Structure formats: structure tokens, C-alpha cells
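What follows is a single structure, written as C-alpha cells, with notes after it.
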Amino acid sequence: MILRGALSIFGRDLIVLRRSLFSELLSVVASPLTLYLAFGVGLKGYISQVEGVPYGVFIAPGLISMTAVLAAFEESAWSMWFHRRVQKTIEEYRVSPITVYDIVIGKLISGFAQGAIKGVAVALVIFVLTPFSFPLRNLGLYLLFISLGAMIFSCLGTICGTVIDKPENIGRIQAVVIMPLIFMSGIFFPLSSYPPSVLPIISLLPTTALFEGARSALLTGSCGPLHLAILLVTAVIFFILAVVVFDRKIEE
Amino acid sequence: MSPALIIQGLTKRYGSLTAVDRFSLELRQGTVFGLLGPNGAGKTTLIKMLTTLMRPTSGDAFIQGESIVTAGKRVRALIGVVPQENNLDRYLTAQENLVLHARLHGMAPRDYLPRIDRFLELTGLSSRRNDFPDTFSGGMQRRLVVVRALIHLPRLLFLDEPTTGLDPQSRRALWEQLRTLRSEMTIFLTTHYMDEADSLCDRIVIMDHGASLVDGSAQELKERYAHAHIYELELRRDGDRYEELFQLLPQVTSLERERDSFRIVLRDEESLKPLMDSIQSGDIRRICLVEPSLEEVFLDLTGKMVRE
Ligand SMILES: Nc1ncnc2c1ncn2[C@@H]1O[C@H](COP(=O)(O)OP(=O)(O)OP(=O)(O)O)[C@@H](O)[C@H]1O
Ligand SMILES: [Mg+2]
């Protein structure tokens with residue numbers, strides 16, 4: 001079977017994830033929940049409505065999406081780095097009769113699974129603890145956006161974990177590139193707050209397509225074809241990039 | 001029978017450094033082959049290319065007829081690899097490490113489970129199968145890595161310094177294990193232990209600076225280099241004066257001194273007389289011919305300087 005190798009690698013990650021699931025979930029729920037309480041509840045009295053919805057409702061989908069894609073990024077980046085630099089288990093994978101695709105796809109599915117599990121956990125907590133709700137029929141479309149987002153971030157993580165040798169630099173990339181990109185793209189404030197001159201650039205960011213698209217998908221059920229198209233193209237480009245970079249770098 | 005391994009002019013450059021330089025070799029099926037060479041000679045680089053971990057700068061090699069350059073995946077199905085550094089997954093138990101390996105090789109549980117049981121039993125790791133490799137001693141981890149490389153019964157087994165860090169008992173146990181495997185597979189190993197190469201390998205290549213220097217069985221190498229005439233000479237007095245004197249003799253190809261003891265390599269048999277003539281008869285305490293060991297051959301060929 002073509003993905004045998006990828007599934008074996010994913011299977012390995014599942015075994016490891018299962019052992020630490022509880023503590024992982026506990027820690028992953030903490031940060032978006034803090035943000036939700038700080039902004040959604042704390043600022044509620046100051047901000048009444050954003051784009052026609054209460055502020056708490058405005059930021060909730062973005063927090064869930066953010067958790068999912070960050071989890072995908074972190075899992076892919078750290079796991080690739082760890083297997084390559086610390087355990088050297090990548091070499092064990094690479095002397096098996098599987099291909100580069102198997103390794104990259106296996107790690108992608110793992111990143112994806114982490115994103116999905118953690119996103120769901122945060123979503124559940126937000127639903128239980130807050131009055132946030134949405135039309136259930138919109139869920140499918142929302143999940144499509146999140147899946148594409150998780151895939152893009154997983155590819156990005158794979159690339160970082162492949163080319164970066166010093167662990168502190170992965171943290172730096174996250175602080176300097178990933179977090180600004182996420183915060184710039186309208187999770188906490190509407191894009192209409194931007195001056196008109198920068199707005200076109202901001203709206204072309206894949207992260208904008210992701211968070212804006214996901215929110216409108218969840219709250220209104222509109223599919224935002226442009227957003228979807230940007231995400232699809234980005235996902236394909238990043239996947240190819242991840243495979244090529246891995247293939248090049250790993251053979252020195 | 002076709003050769004198990006054919007290497008044709010394999011070369012690897014890191015920038016300006018040529019780590020492996022047009023290396024060629026042919027191995028018959030079932031050979032236990034030992035690659036020797038000082039630190040940095042290029043052994044690991046050669047193995048990394050042969051196991052498709054690294055792309056050669058030029059040249060090619062064929063494992064059971066499959067090219068490492070164009071048929072990597074088929075090559076990987078035929079080889080087992082024990083890397084110089086243990087690369088076990090410390091988040092998986094010993095058993096899970098082996099199962100993952102078997103699955104990566106596309107094996108079915110009914111094939112790999114009994115084999116894992118048998119190999120673990122054979123290497124005395126059975127009782128620790130559900131423990132994490134972190135909790136193993138270095139020797140046990142090494143054994144586990146060897147077992148892992150054998151699960152899919154490779155045709156060609158690469159071992160990069162398999163016994164480094166093992167106690168004498170474990171080393172001998174591993175040699176025993178490798179000896180029993182020779183009927184089923186070809187073995188390609190590197191080692192810094194000359195006794196290991198001597199007692200285990202049918203064929204030995206000593207390499208340095210990326211190229212092969214000599215090739216033959218341990219016996220052949222020793223015989224060939226028995227012509228290098230090594231003498232140990234102990235003097236009663238005048239060590240300094242004699243050192244200068246010996247250095248001037250054209251018949252002396254290499255000279256080492258510790259106080260009044262010299263280790264002298266002579267060019268040929270005829271060189272002994274001029275040497276003896278240069279020493280005053282009363283000054284010799286002892287002189288003897290050194291039977292070269294594999295280690296002598298190795299040091300002779302690769303020099304005595306410690307590599308950086
Ligand atoms: N990734 C790399 N980049 C640059 N140079 C390298 C790299 N890997 C190895 N080298 C160089 O290539 C040469 C051969 O190294 P190699 O590891 O193959 O030696 P070795 O024979 O296995 O040595 P040892 O007995 O110490 O294991 C050395 O000079 C080493 O410094
Ligand atoms: Mg080495």
C-alpha cells in the first residue's frame with residue numbers, strides 16, 4: 001500500500017500521544033481559555049458588538065482555529081526536529097523501504113491529528129463554559145477551513161523542523177513569524193480596523209483567509225470562495241515545499 | 001552467484017573536503033567484511049551512502065544488483081543498518097521499537113511477532129521488552145539496535161562500530177551471533193578493534209583519507225606486511241647519539257624512541273646489516289624482530305599521528 005509507511009509513522013505518534021494525552025490537553029486548553037476570559041469576558045463591557053455579533057462570539061471561532069493550527073505547527077516542527085537532531089530516528093525511517101512522501105505525510109497526519117484533538121478540546125471547553133453557540137449545519141464548512149489551516153501549518157512546521165538545527169530558533173520563528181501572522185489576521189479585531197492602504201495586503205495573507213474564512217463559515221455558513229481558494233493554493237504550495245525541502249536537506 | 005555488493009568509484013565531497021574518494025569494492029555473497037580506518041577516514045560516510053542516507057557526489061553502488069542512486073527504495077528493502085550512534089525511539093518500548101521497524105518494512109504481525117520473540121530471547125532482552133530504551137544499559141541498547149536491524153532478515157547487514165562500548169562478554173556474544181548469520185546474509189562492518197576484525201572478518205579493507213589502502217584477509221595482510229621489517233632495539237647507553245645516527249640511515253623508514261628503546265622499521269632484509277654495523281657491539285642490550293599484528297599493519301599504513 002502506498003501510504004503504509006506514512007501510516008506506520010502516524011501509528012507511532014498515536015501511541016506516544018495516547019500516553020500523554022491528559023497532560024497535553026490540560027495545557028493546551030489553558031492559553032486560549034485565558035485569552036477568551038481576558039478579552040471575551042473582560043472587555044465585554046467596553047466592546048458591545050463587532051461586525052454585528054457580541055465580542056465573545058467574534059473571537060471564539062478564531063481561538064479554536066488558532067489552537068488547532070498552532071498545535072499542528074508545534075507538533076510537526078518539534079517532532080521533526082527531535083527525530084532528526086536528538087533521537088536520529090529519522091535515519092531509521094530513512095533506511096526503511098519507504099519514501100520521503102511517507103515521512104512527510106506521516107508527520108503531516110500527526111500534526112493534523114494533534115490540531116484536531118486540541119481544537120476540539122478547546123471548542124468543547126468554550127461551549128461548556130460560555131454562552132457561545134453556532135448553527136450546527138455550518139460545522140462541516142468550518143472544519144474544512146480548519147483542516148486546510150492545520151495542513152498548511154503542519155507543512156510549515158515540517159519545514160522549520162527540517163531546516164532549523166538550533167531549537168531556540170524554532171521558538172523564535174514562532175514568536176517572530178507565526179504569532180504576528182495570526183494576530184494580524186483578524187482574530188481579535190475586525191479587518192475593518194486596518195487603514196485602507198494596508199488592507200489589500202492583509203486580506204491576501206493565508207492566515208487571514210483562514211481565520212476570516214473559518215469565522216464566517218461557522219457563524220454565517222458562507223463559504224468565502226476567495227478565502228478557500230487562497231487556502232487551497234497555499235496548502236498545495238507548502239506541501240510541495242515541505243517535500244522538496246525535506247528531500248534536499250536530509251541528504252546533505 | 002552475483003556479488004552481494006558492487007561499489008564503483010563512490011565519491012563524497014563536503015565542500016573542499018573529499019571524505020570518500022573514488023572507492024570501489026566487490027563483495028561475494030556471505031562475506032563478513034571489515035572496514036578499518038582511523039577516525040575521519042570516511043567509513044561512516046561510505047556506509048551512509050550505501051544505505052541511501054546520503055547522496056554520493058559521484059559514482060554508484062549496487063546491492064544485490066540494485067543501484068543505491070536510482071533504486072533506493074528497493075535497496076532499503078534488502079539492507080539492515082546498525083548506525084554508529086544508537087537511534088532507538090525513547091518514547092517507545094523495546095517491543096514497540098521493533099514492531100515499528102517491522103511495519104516500516106511492510107511485514108505482517110504473524111511474521112514479525114514470532115521473530116521478535118525469538119530474537120529478544122536470543123539476546124537476553126525478553127524480560128525487558130516492555131521497558132523504554134532509556135532504562136537500558138549502553139550494551140543492551142546496542143543489542144536492541146542489532147536485533148532491530150535483523151527483524152526483516154536483510155540480505156546485506158551494515159554495522160557501523162557495532163561493538164564500541166560493549167563489555168568483552170557482549171562483544172563475544174555479538175560475534176557469535178554474527179557468525180551464525182553469515183550463512184543467510186552478507187555482513188559489512190566497521191570497527192576499531194583489530195582483534196575483532198582478525199577473528200570475525202573473512203576480508204578486510206583498511207582505508208584512510210577516503211581511499212582504500214589494502215585489501216585481503218587478516219592473514220594475507222599480516223603476511224604481506226611481515227615484509228615490513230620491524231625491530232625492537234634496546235641500548236645500554238647513548239640513546240641521543242644513536243637516535244641522530246639512525247635518522248641518517250637511509251635504510252630506516254620509521255623510527256620511534258622511548259628512552260633507550262627504539263622501534264625501528266627497516267626498508268628490507270638487507271637493511272639489518274648496516275644498522276647493526278652502526279652500533280657498537282657492547283651497546284646492544286636486546287634486539288628482536290616484531291611479528292606484525294593487524295594493529296601493526298594498521299598503524300604502519302595509516303601513520304601514528306592522532307587525527308583531529
Ligand atoms: N556532515 C558533514 N559535513 C562536513 N564534513 C563531514 C560531515 N560528516 C563527516 N564529515 C567529514 O568527513 C570525514 C569522514 O568522516 P566519517 O564520519 O565518515 O569518518 P569515520 O571513518 O566514520 O570516522 P570515525 O572512526 O571517527 O567514526 C571527516 O573528515 C569528517 O570531518
Ligand atoms: Mg564513523
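Labels used: A, B, ... for chains in the order of the C-alpha cells, numbers from 1 for residues in each chain, and numbers from 1 for ligands as shown.
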Closest contacts (chain B/chain A, max 6 Å, only C-alpha atoms) as a tab-separated table:
```
residue	atom	partner	partner_atom	distance
B:Met54	CA	A:Glu251	CA	4.7
B:Arg55	CA	A:Glu251	CA	6.0
B:Lys73	CA	A:Pro97	CA	4.8
B:Arg76	CA	A:Pro97	CA	4.8
B:Ala77	CA	A:Pro97	CA	5.0
B:Asn87	CA	A:Lys88	CA	5.3
B:Leu104	CA	A:Gly5	CA	5.5
```
Could you write out the selected residues, including all heavy atoms, as a PDB file, in the first residue's frame?
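Output (out20.pdb):
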```pdb
ATOM      1  N   MET B  54      22.651   9.228   2.274  1.00  0.00           N
ATOM      2  CA  MET B  54      23.384  10.362   1.734  1.00  0.00           C
ATOM      3  C   MET B  54      23.592  10.130   0.244  1.00  0.00           C
ATOM      4  O   MET B  54      23.903   9.013  -0.162  1.00  0.00           O
ATOM      5  CB  MET B  54      24.736  10.386   2.439  1.00  0.00           C
ATOM      6  CG  MET B  54      25.334  11.720   2.593  1.00  0.00           C
ATOM      7  SD  MET B  54      26.872  11.501   3.460  1.00  0.00           S
ATOM      8  CE  MET B  54      26.488  12.227   5.017  1.00  0.00           C
ATOM      9  N   ARG B  55      23.397  11.169  -0.529  1.00  0.00           N
ATOM     10  CA  ARG B  55      23.562  11.017  -1.974  1.00  0.00           C
ATOM     11  C   ARG B  55      25.047  11.142  -2.311  1.00  0.00           C
ATOM     12  O   ARG B  55      25.705  12.080  -1.869  1.00  0.00           O
ATOM     13  CB  ARG B  55      22.762  12.111  -2.684  1.00  0.00           C
ATOM     14  CG  ARG B  55      22.326  11.741  -4.066  1.00  0.00           C
ATOM     15  CD  ARG B  55      21.288  12.747  -4.571  1.00  0.00           C
ATOM     16  NE  ARG B  55      19.948  12.509  -4.008  1.00  0.00           N
ATOM     17  CZ  ARG B  55      18.980  13.429  -3.972  1.00  0.00           C
ATOM     18  NH1 ARG B  55      19.196  14.632  -4.412  1.00  0.00           N
ATOM     19  NH2 ARG B  55      17.803  13.130  -3.482  1.00  0.00           N
ATOM     20  N   LYS B  73      14.621   2.711  -2.831  1.00  0.00           N
ATOM     21  CA  LYS B  73      13.614   2.013  -2.039  1.00  0.00           C
ATOM     22  C   LYS B  73      13.826   0.501  -2.083  1.00  0.00           C
ATOM     23  O   LYS B  73      13.705  -0.185  -1.067  1.00  0.00           O
ATOM     24  CB  LYS B  73      12.223   2.381  -2.568  1.00  0.00           C
ATOM     25  CG  LYS B  73      11.108   1.994  -1.640  1.00  0.00           C
ATOM     26  CD  LYS B  73       9.775   2.548  -2.113  1.00  0.00           C
ATOM     27  CE  LYS B  73       8.627   1.824  -1.448  1.00  0.00           C
ATOM     28  NZ  LYS B  73       7.325   2.300  -1.927  1.00  0.00           N
ATOM     29  N   ARG B  76      16.728  -0.356   0.104  1.00  0.00           N
ATOM     30  CA  ARG B  76      16.412  -0.308   1.534  1.00  0.00           C
ATOM     31  C   ARG B  76      15.646  -1.546   2.009  1.00  0.00           C
ATOM     32  O   ARG B  76      15.696  -1.898   3.185  1.00  0.00           O
ATOM     33  CB  ARG B  76      15.623   0.965   1.853  1.00  0.00           C
ATOM     34  CG  ARG B  76      16.450   2.221   1.685  1.00  0.00           C
ATOM     35  CD  ARG B  76      15.788   3.429   2.307  1.00  0.00           C
ATOM     36  NE  ARG B  76      14.640   3.894   1.557  1.00  0.00           N
ATOM     37  CZ  ARG B  76      14.687   4.741   0.536  1.00  0.00           C
ATOM     38  NH1 ARG B  76      15.845   5.202   0.143  1.00  0.00           N
ATOM     39  NH2 ARG B  76      13.591   5.130  -0.084  1.00  0.00           N
ATOM     40  N   ALA B  77      14.934  -2.193   1.084  1.00  0.00           N
ATOM     41  CA  ALA B  77      14.231  -3.416   1.469  1.00  0.00           C
ATOM     42  C   ALA B  77      15.224  -4.557   1.691  1.00  0.00           C
ATOM     43  O   ALA B  77      14.907  -5.539   2.358  1.00  0.00           O
ATOM     44  CB  ALA B  77      13.213  -3.782   0.395  1.00  0.00           C
ATOM     45  N   ASN B  87      20.057   4.789  17.580  1.00  0.00           N
ATOM     46  CA  ASN B  87      18.952   5.707  17.300  1.00  0.00           C
ATOM     47  C   ASN B  87      17.612   5.041  17.598  1.00  0.00           C
ATOM     48  O   ASN B  87      16.730   4.965  16.766  1.00  0.00           O
ATOM     49  CB  ASN B  87      19.004   6.226  15.857  1.00  0.00           C
ATOM     50  CG  ASN B  87      18.920   5.113  14.841  1.00  0.00           C
ATOM     51  OD1 ASN B  87      18.993   3.951  15.197  1.00  0.00           O
ATOM     52  ND2 ASN B  87      18.742   5.464  13.596  1.00  0.00           N
ATOM     53  N   LEU B 104       7.403  -0.706   9.147  1.00  0.00           N
ATOM     54  CA  LEU B 104       8.022   0.114   8.103  1.00  0.00           C
ATOM     55  C   LEU B 104       8.524  -0.765   6.960  1.00  0.00           C
ATOM     56  O   LEU B 104       8.638  -0.320   5.827  1.00  0.00           O
ATOM     57  CB  LEU B 104       9.176   0.946   8.676  1.00  0.00           C
ATOM     58  CG  LEU B 104       8.766   2.124   9.563  1.00  0.00           C
ATOM     59  CD1 LEU B 104       9.982   2.735  10.246  1.00  0.00           C
ATOM     60  CD2 LEU B 104       8.034   3.186   8.751  1.00  0.00           C
TER      61      LEU B 104
END
```
Which residues are near ligand 2 - at most 12 Å, using only C-alpha atoms and all ligand atoms? Format: as a list in words.
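Within the 12 Å cut-off, the matching residues are Ala19, Leu35, Leu36, Gly37, Pro38, Asn39, Gly40, Ala41, Gly42, Lys43, Thr44, Thr45, Leu46, Ile47, Lys48, Val82, Pro83, Gln84, Glu85, Leu159, Asp160, Glu161, Pro162, Thr164, Leu189, Thr190, Thr191, His192 and Gly210 of chain B.
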Dump C-alpha atoms for the selected residues as a PDB file, in the first residue's frame?
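Output file out.pdb is given in full below:
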```pdb
ATOM      1  CA  ALA B  19      35.514  12.316   2.623  1.00  0.00           C
ATOM      2  CA  LEU B  35      36.285  -1.865   7.029  1.00  0.00           C
ATOM      3  CA  LEU B  36      39.047  -0.380   9.156  1.00  0.00           C
ATOM      4  CA  GLY B  37      40.453   3.099   9.251  1.00  0.00           C
ATOM      5  CA  PRO B  38      41.372   5.872  11.674  1.00  0.00           C
ATOM      6  CA  ASN B  39      38.839   8.452  12.890  1.00  0.00           C
ATOM      7  CA  GLY B  40      37.671  10.534   9.967  1.00  0.00           C
ATOM      8  CA  ALA B  41      38.832   8.039   7.342  1.00  0.00           C
ATOM      9  CA  GLY B  42      35.394   8.095   5.738  1.00  0.00           C
ATOM     10  CA  LYS B  43      33.896   4.804   6.967  1.00  0.00           C
ATOM     11  CA  THR B  44      30.619   6.244   8.220  1.00  0.00           C
ATOM     12  CA  THR B  45      30.275   8.445   5.151  1.00  0.00           C
ATOM     13  CA  LEU B  46      30.703   5.388   2.935  1.00  0.00           C
ATOM     14  CA  ILE B  47      28.071   3.446   4.884  1.00  0.00           C
ATOM     15  CA  LYS B  48      25.680   6.400   4.774  1.00  0.00           C
ATOM     16  CA  VAL B  82      23.156  -0.592  12.711  1.00  0.00           C
ATOM     17  CA  PRO B  83      24.299   3.036  12.828  1.00  0.00           C
ATOM     18  CA  GLN B  84      27.359   4.247  14.714  1.00  0.00           C
ATOM     19  CA  GLU B  85      25.102   6.061  17.203  1.00  0.00           C
ATOM     20  CA  LEU B 159      27.107  -2.389  11.174  1.00  0.00           C
ATOM     21  CA  ASP B 160      28.996   0.815  11.966  1.00  0.00           C
ATOM     22  CA  GLU B 161      31.190   0.055  15.000  1.00  0.00           C
ATOM     23  CA  PRO B 162      28.710  -2.455  16.426  1.00  0.00           C
ATOM     24  CA  THR B 164      32.010   0.028  20.629  1.00  0.00           C
ATOM     25  CA  LEU B 189      31.047  -3.839   9.445  1.00  0.00           C
ATOM     26  CA  THR B 190      33.450  -1.190  10.615  1.00  0.00           C
ATOM     27  CA  THR B 191      35.481  -1.486  13.771  1.00  0.00           C
ATOM     28  CA  HIS B 192      38.403  -0.002  15.629  1.00  0.00           C
ATOM     29  CA  GLY B 210      38.556   8.294   1.810  1.00  0.00           C
TER      30      GLY B 210
END
```
When you look at range 221-238 of chain A with a cut-off of 6 Å (counting only C-alpha atoms), what residues show up, excluding the ones that are within fewer than 4 positions of it in the same chain? I need them as a PyMOL selection string.
chain A and resi 138+152+155+206+209+213+217+242
Among listed residues B:Asp21, B:Glu176, B:Asp195, B:Glu220, nearest ligand 1 (using only C-alpha atoms and all ligand atoms):
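Among the listed residues, the smallest separation from ligand 1 belongs to B:Asp21.
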Here is a test: counting only C-alpha atoms and all ligand atoms, which residue of A:Leu35, A:Lys249, A:Glu168, A:Leu156 is nearest to ligand 1?
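Under the stated criterion, the closest residue is A:Lys249.
In this model, the gap between CA of Pro135 in chain A and CA of Thr34 in chain A comes to 24.8 Å.
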Could you tell me which of A:Leu143, A:Ile103, A:Ala214, A:Ile187 comes closest to Leu3 in chain A if we count only C-alpha atoms?
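Smallest distance to Leu3 in chain A is found for A:Ile103.
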What does the distance between atom 2 (C, counted along the ligand's line) of ligand 1 and CA of Pro56 in chain B come to in Å, to one decimal place?
12.8 Å
May I have the residues within 12 Å of range 236-242 of chain B as a list in words, using only C-alpha atoms and disregarding those fewer than 5 positions away in the same chain?
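Once the nearby chain positions are removed, what remains is Gln247, Leu248, Leu249, Leu255, Glu256, Arg257, Glu258, Arg259, Asp260, Ser261, Phe262, Ile264, Leu275, Met276, Ser278, Ile279, Gln280, Ser281, Gly282, Asp283, Ile284, Arg285, Arg286 and Ile287 of chain B.
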Check the DSSP output for the backbone and give back, as a PyMOL selection string, the residues of range 1-155 of chain B in strand (DSSP E).
chain B and resi 5-14+17-27+32-36+58-63+66-67+79-82
May I have the selected residues written with N, CA and C atoms, as a compact mmCIF listing (two decimals), in the first residue's frame?
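Full text of part27.txt as output:
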```
# COMPACT_ATOMS: atom_id res chain seq x y z
N LEU B 5 27.53 -7.03 -3.20
CA LEU B 5 27.72 -5.57 -3.22
C LEU B 5 28.81 -5.22 -4.23
N ILE B 6 28.48 -4.27 -5.08
CA ILE B 6 29.49 -3.74 -6.00
C ILE B 6 29.55 -2.24 -5.79
N ILE B 7 30.72 -1.72 -5.46
CA ILE B 7 30.88 -0.27 -5.33
C ILE B 7 31.77 0.21 -6.47
N GLN B 8 31.30 1.22 -7.18
CA GLN B 8 32.05 1.70 -8.34
C GLN B 8 32.37 3.19 -8.20
N GLY B 9 33.60 3.46 -7.82
CA GLY B 9 34.09 4.85 -7.79
C GLY B 9 33.24 5.79 -6.97
N LEU B 10 32.78 5.30 -5.80
CA LEU B 10 31.91 6.14 -4.97
C LEU B 10 32.71 7.29 -4.35
N THR B 11 32.17 8.50 -4.48
CA THR B 11 32.85 9.70 -4.01
C THR B 11 31.88 10.59 -3.26
N LYS B 12 32.36 11.15 -2.12
CA LYS B 12 31.55 12.14 -1.42
C LYS B 12 32.42 13.32 -1.03
N ARG B 13 32.00 14.49 -1.45
CA ARG B 13 32.72 15.72 -1.06
C ARG B 13 31.85 16.55 -0.15
N TYR B 14 32.47 17.06 0.93
CA TYR B 14 31.80 18.08 1.75
C TYR B 14 32.55 19.37 1.46
N LEU B 17 36.45 19.27 1.21
CA LEU B 17 36.95 18.02 1.79
C LEU B 17 36.38 16.81 1.05
N THR B 18 37.26 15.93 0.59
CA THR B 18 36.78 14.71 -0.05
C THR B 18 36.78 13.61 1.00
N ALA B 19 35.61 13.27 1.52
CA ALA B 19 35.51 12.32 2.62
C ALA B 19 35.66 10.89 2.11
N VAL B 20 35.10 10.61 0.93
CA VAL B 20 35.27 9.31 0.29
C VAL B 20 35.70 9.58 -1.14
N ASP B 21 36.80 8.93 -1.54
CA ASP B 21 37.44 9.31 -2.79
C ASP B 21 37.49 8.12 -3.76
N ARG B 22 36.61 8.10 -4.72
CA ARG B 22 36.56 7.05 -5.76
C ARG B 22 36.79 5.65 -5.18
N PHE B 23 35.93 5.28 -4.24
CA PHE B 23 36.06 3.99 -3.55
C PHE B 23 35.38 2.89 -4.37
N SER B 24 36.09 1.80 -4.60
CA SER B 24 35.49 0.68 -5.34
C SER B 24 35.71 -0.62 -4.57
N LEU B 25 34.77 -1.54 -4.73
CA LEU B 25 34.85 -2.80 -3.97
C LEU B 25 33.81 -3.77 -4.52
N GLU B 26 34.11 -5.07 -4.42
CA GLU B 26 33.10 -6.08 -4.75
C GLU B 26 33.08 -7.11 -3.64
N LEU B 27 31.90 -7.44 -3.14
CA LEU B 27 31.79 -8.42 -2.06
C LEU B 27 31.01 -9.64 -2.51
N VAL B 32 31.92 -11.90 5.48
CA VAL B 32 31.92 -10.97 6.60
C VAL B 32 33.06 -10.01 6.33
N PHE B 33 32.68 -8.78 6.01
CA PHE B 33 33.65 -7.80 5.54
C PHE B 33 33.92 -6.76 6.62
N GLY B 34 35.18 -6.46 6.88
CA GLY B 34 35.52 -5.47 7.89
C GLY B 34 36.21 -4.27 7.25
N LEU B 35 35.68 -3.09 7.54
CA LEU B 35 36.28 -1.86 7.03
C LEU B 35 36.98 -1.18 8.19
N LEU B 36 38.29 -1.02 8.09
CA LEU B 36 39.05 -0.38 9.16
C LEU B 36 39.59 0.94 8.67
N SER B 58 29.58 11.46 -6.66
CA SER B 58 29.63 10.75 -7.94
C SER B 58 29.87 9.28 -7.67
N GLY B 59 29.76 8.46 -8.71
CA GLY B 59 29.90 7.03 -8.55
C GLY B 59 28.58 6.38 -8.20
N ASP B 60 28.59 5.06 -8.10
CA ASP B 60 27.36 4.34 -7.80
C ASP B 60 27.73 3.04 -7.08
N ALA B 61 26.73 2.40 -6.51
CA ALA B 61 26.96 1.09 -5.90
C ALA B 61 25.70 0.26 -6.11
N PHE B 62 25.88 -1.06 -6.13
CA PHE B 62 24.76 -1.96 -6.40
C PHE B 62 24.67 -3.00 -5.30
N ILE B 63 23.51 -3.07 -4.68
CA ILE B 63 23.29 -4.06 -3.64
C ILE B 63 22.35 -5.11 -4.20
N GLU B 66 20.85 -3.86 -7.25
CA GLU B 66 20.01 -2.65 -7.27
C GLU B 66 20.88 -1.42 -6.98
N SER B 67 20.70 -0.39 -7.78
CA SER B 67 21.51 0.81 -7.64
C SER B 67 21.08 1.64 -6.44
N ILE B 79 18.48 -4.19 2.91
CA ILE B 79 19.57 -3.96 3.86
C ILE B 79 19.06 -3.83 5.29
N GLY B 80 19.96 -4.13 6.23
CA GLY B 80 19.73 -3.83 7.63
C GLY B 80 20.84 -2.89 8.08
N VAL B 81 20.52 -1.95 8.96
CA VAL B 81 21.51 -0.94 9.31
C VAL B 81 21.64 -0.78 10.83
N VAL B 82 22.86 -0.93 11.32
CA VAL B 82 23.16 -0.59 12.71
C VAL B 82 24.05 0.64 12.67
```
Select from range 17-158 of chain A everything DSSP, run on the backbone, classes as alpha helix (DSSP H), then give the selection as a VMD selection string.
chain A and resid 17 to 35 55 to 81 89 to 94 100 to 129 139 to 158
Exercise: Met151 in chain A partners within 9 Å, only C-alpha atoms, chain neighbours under 3 positions left out, as a PDB file with N, CA and C atoms, in the first residue's frame:
```
ATOM      1  N   VAL A  69      -4.308  25.189  14.634  1.00  0.00           N
ATOM      2  CA  VAL A  69      -3.172  25.325  13.723  1.00  0.00           C
ATOM      3  C   VAL A  69      -1.845  25.452  14.473  1.00  0.00           C
ATOM      4  N   ALA A  72      -0.817  22.035  15.365  1.00  0.00           N
ATOM      5  CA  ALA A  72      -0.284  21.340  14.188  1.00  0.00           C
ATOM      6  C   ALA A  72       1.140  21.796  13.907  1.00  0.00           C
ATOM      7  N   PHE A  73       1.360  23.106  13.987  1.00  0.00           N
ATOM      8  CA  PHE A  73       2.706  23.630  13.729  1.00  0.00           C
ATOM      9  C   PHE A  73       3.707  23.076  14.735  1.00  0.00           C
ATOM     10  N   LEU A 108       2.695  14.913   8.691  1.00  0.00           N
ATOM     11  CA  LEU A 108       1.559  15.810   8.445  1.00  0.00           C
ATOM     12  C   LEU A 108       0.304  15.304   9.135  1.00  0.00           C
ATOM     13  N   ILE A 109       0.042  14.013   8.972  1.00  0.00           N
ATOM     14  CA  ILE A 109      -1.168  13.467   9.597  1.00  0.00           C
ATOM     15  C   ILE A 109      -1.077  13.616  11.114  1.00  0.00           C
ATOM     16  N   GLY A 111       0.586  15.936  12.799  1.00  0.00           N
ATOM     17  CA  GLY A 111       0.356  17.336  13.129  1.00  0.00           C
ATOM     18  C   GLY A 111      -1.124  17.666  13.047  1.00  0.00           C
ATOM     19  N   PHE A 112      -1.717  17.143  12.015  1.00  0.00           N
ATOM     20  CA  PHE A 112      -3.125  17.331  11.771  1.00  0.00           C
ATOM     21  C   PHE A 112      -3.970  16.761  12.916  1.00  0.00           C
ATOM     22  N   ILE A 146     -10.491  24.681   8.884  1.00  0.00           N
ATOM     23  CA  ILE A 146      -9.514  24.315   9.912  1.00  0.00           C
ATOM     24  C   ILE A 146      -8.566  23.233   9.414  1.00  0.00           C
ATOM     25  N   SER A 147      -9.110  22.275   8.665  1.00  0.00           N
ATOM     26  CA  SER A 147      -8.260  21.195   8.160  1.00  0.00           C
ATOM     27  C   SER A 147      -7.187  21.746   7.236  1.00  0.00           C
ATOM     28  N   LEU A 148      -7.610  22.640   6.321  1.00  0.00           N
ATOM     29  CA  LEU A 148      -6.623  23.228   5.418  1.00  0.00           C
ATOM     30  C   LEU A 148      -5.592  24.017   6.214  1.00  0.00           C
ATOM     31  N   SER A 154       1.101  22.545   9.487  1.00  0.00           N
ATOM     32  CA  SER A 154       1.866  21.325   9.676  1.00  0.00           C
ATOM     33  C   SER A 154       3.027  21.270   8.679  1.00  0.00           C
ATOM     34  N   CYS A 155       2.754  21.663   7.444  1.00  0.00           N
ATOM     35  CA  CYS A 155       3.830  21.720   6.441  1.00  0.00           C
ATOM     36  C   CYS A 155       4.884  22.730   6.865  1.00  0.00           C
ATOM     37  N   LEU A 156       4.417  23.887   7.320  1.00  0.00           N
ATOM     38  CA  LEU A 156       5.326  24.936   7.771  1.00  0.00           C
ATOM     39  C   LEU A 156       6.197  24.410   8.920  1.00  0.00           C
ATOM     40  N   ALA A 235      -1.929  25.588   0.643  1.00  0.00           N
ATOM     41  CA  ALA A 235      -1.703  24.227   1.154  1.00  0.00           C
ATOM     42  C   ALA A 235      -0.899  23.409   0.158  1.00  0.00           C
ATOM     43  N   PHE A 238       2.731  24.701   0.049  1.00  0.00           N
ATOM     44  CA  PHE A 238       3.504  24.347   1.241  1.00  0.00           C
ATOM     45  C   PHE A 238       3.791  22.851   1.311  1.00  0.00           C
ATOM     46  N   PHE A 239       2.859  22.048   0.819  1.00  0.00           N
ATOM     47  CA  PHE A 239       3.109  20.611   0.834  1.00  0.00           C
ATOM     48  C   PHE A 239       4.287  20.270  -0.077  1.00  0.00           C
TER      49      PHE A 239
END
```
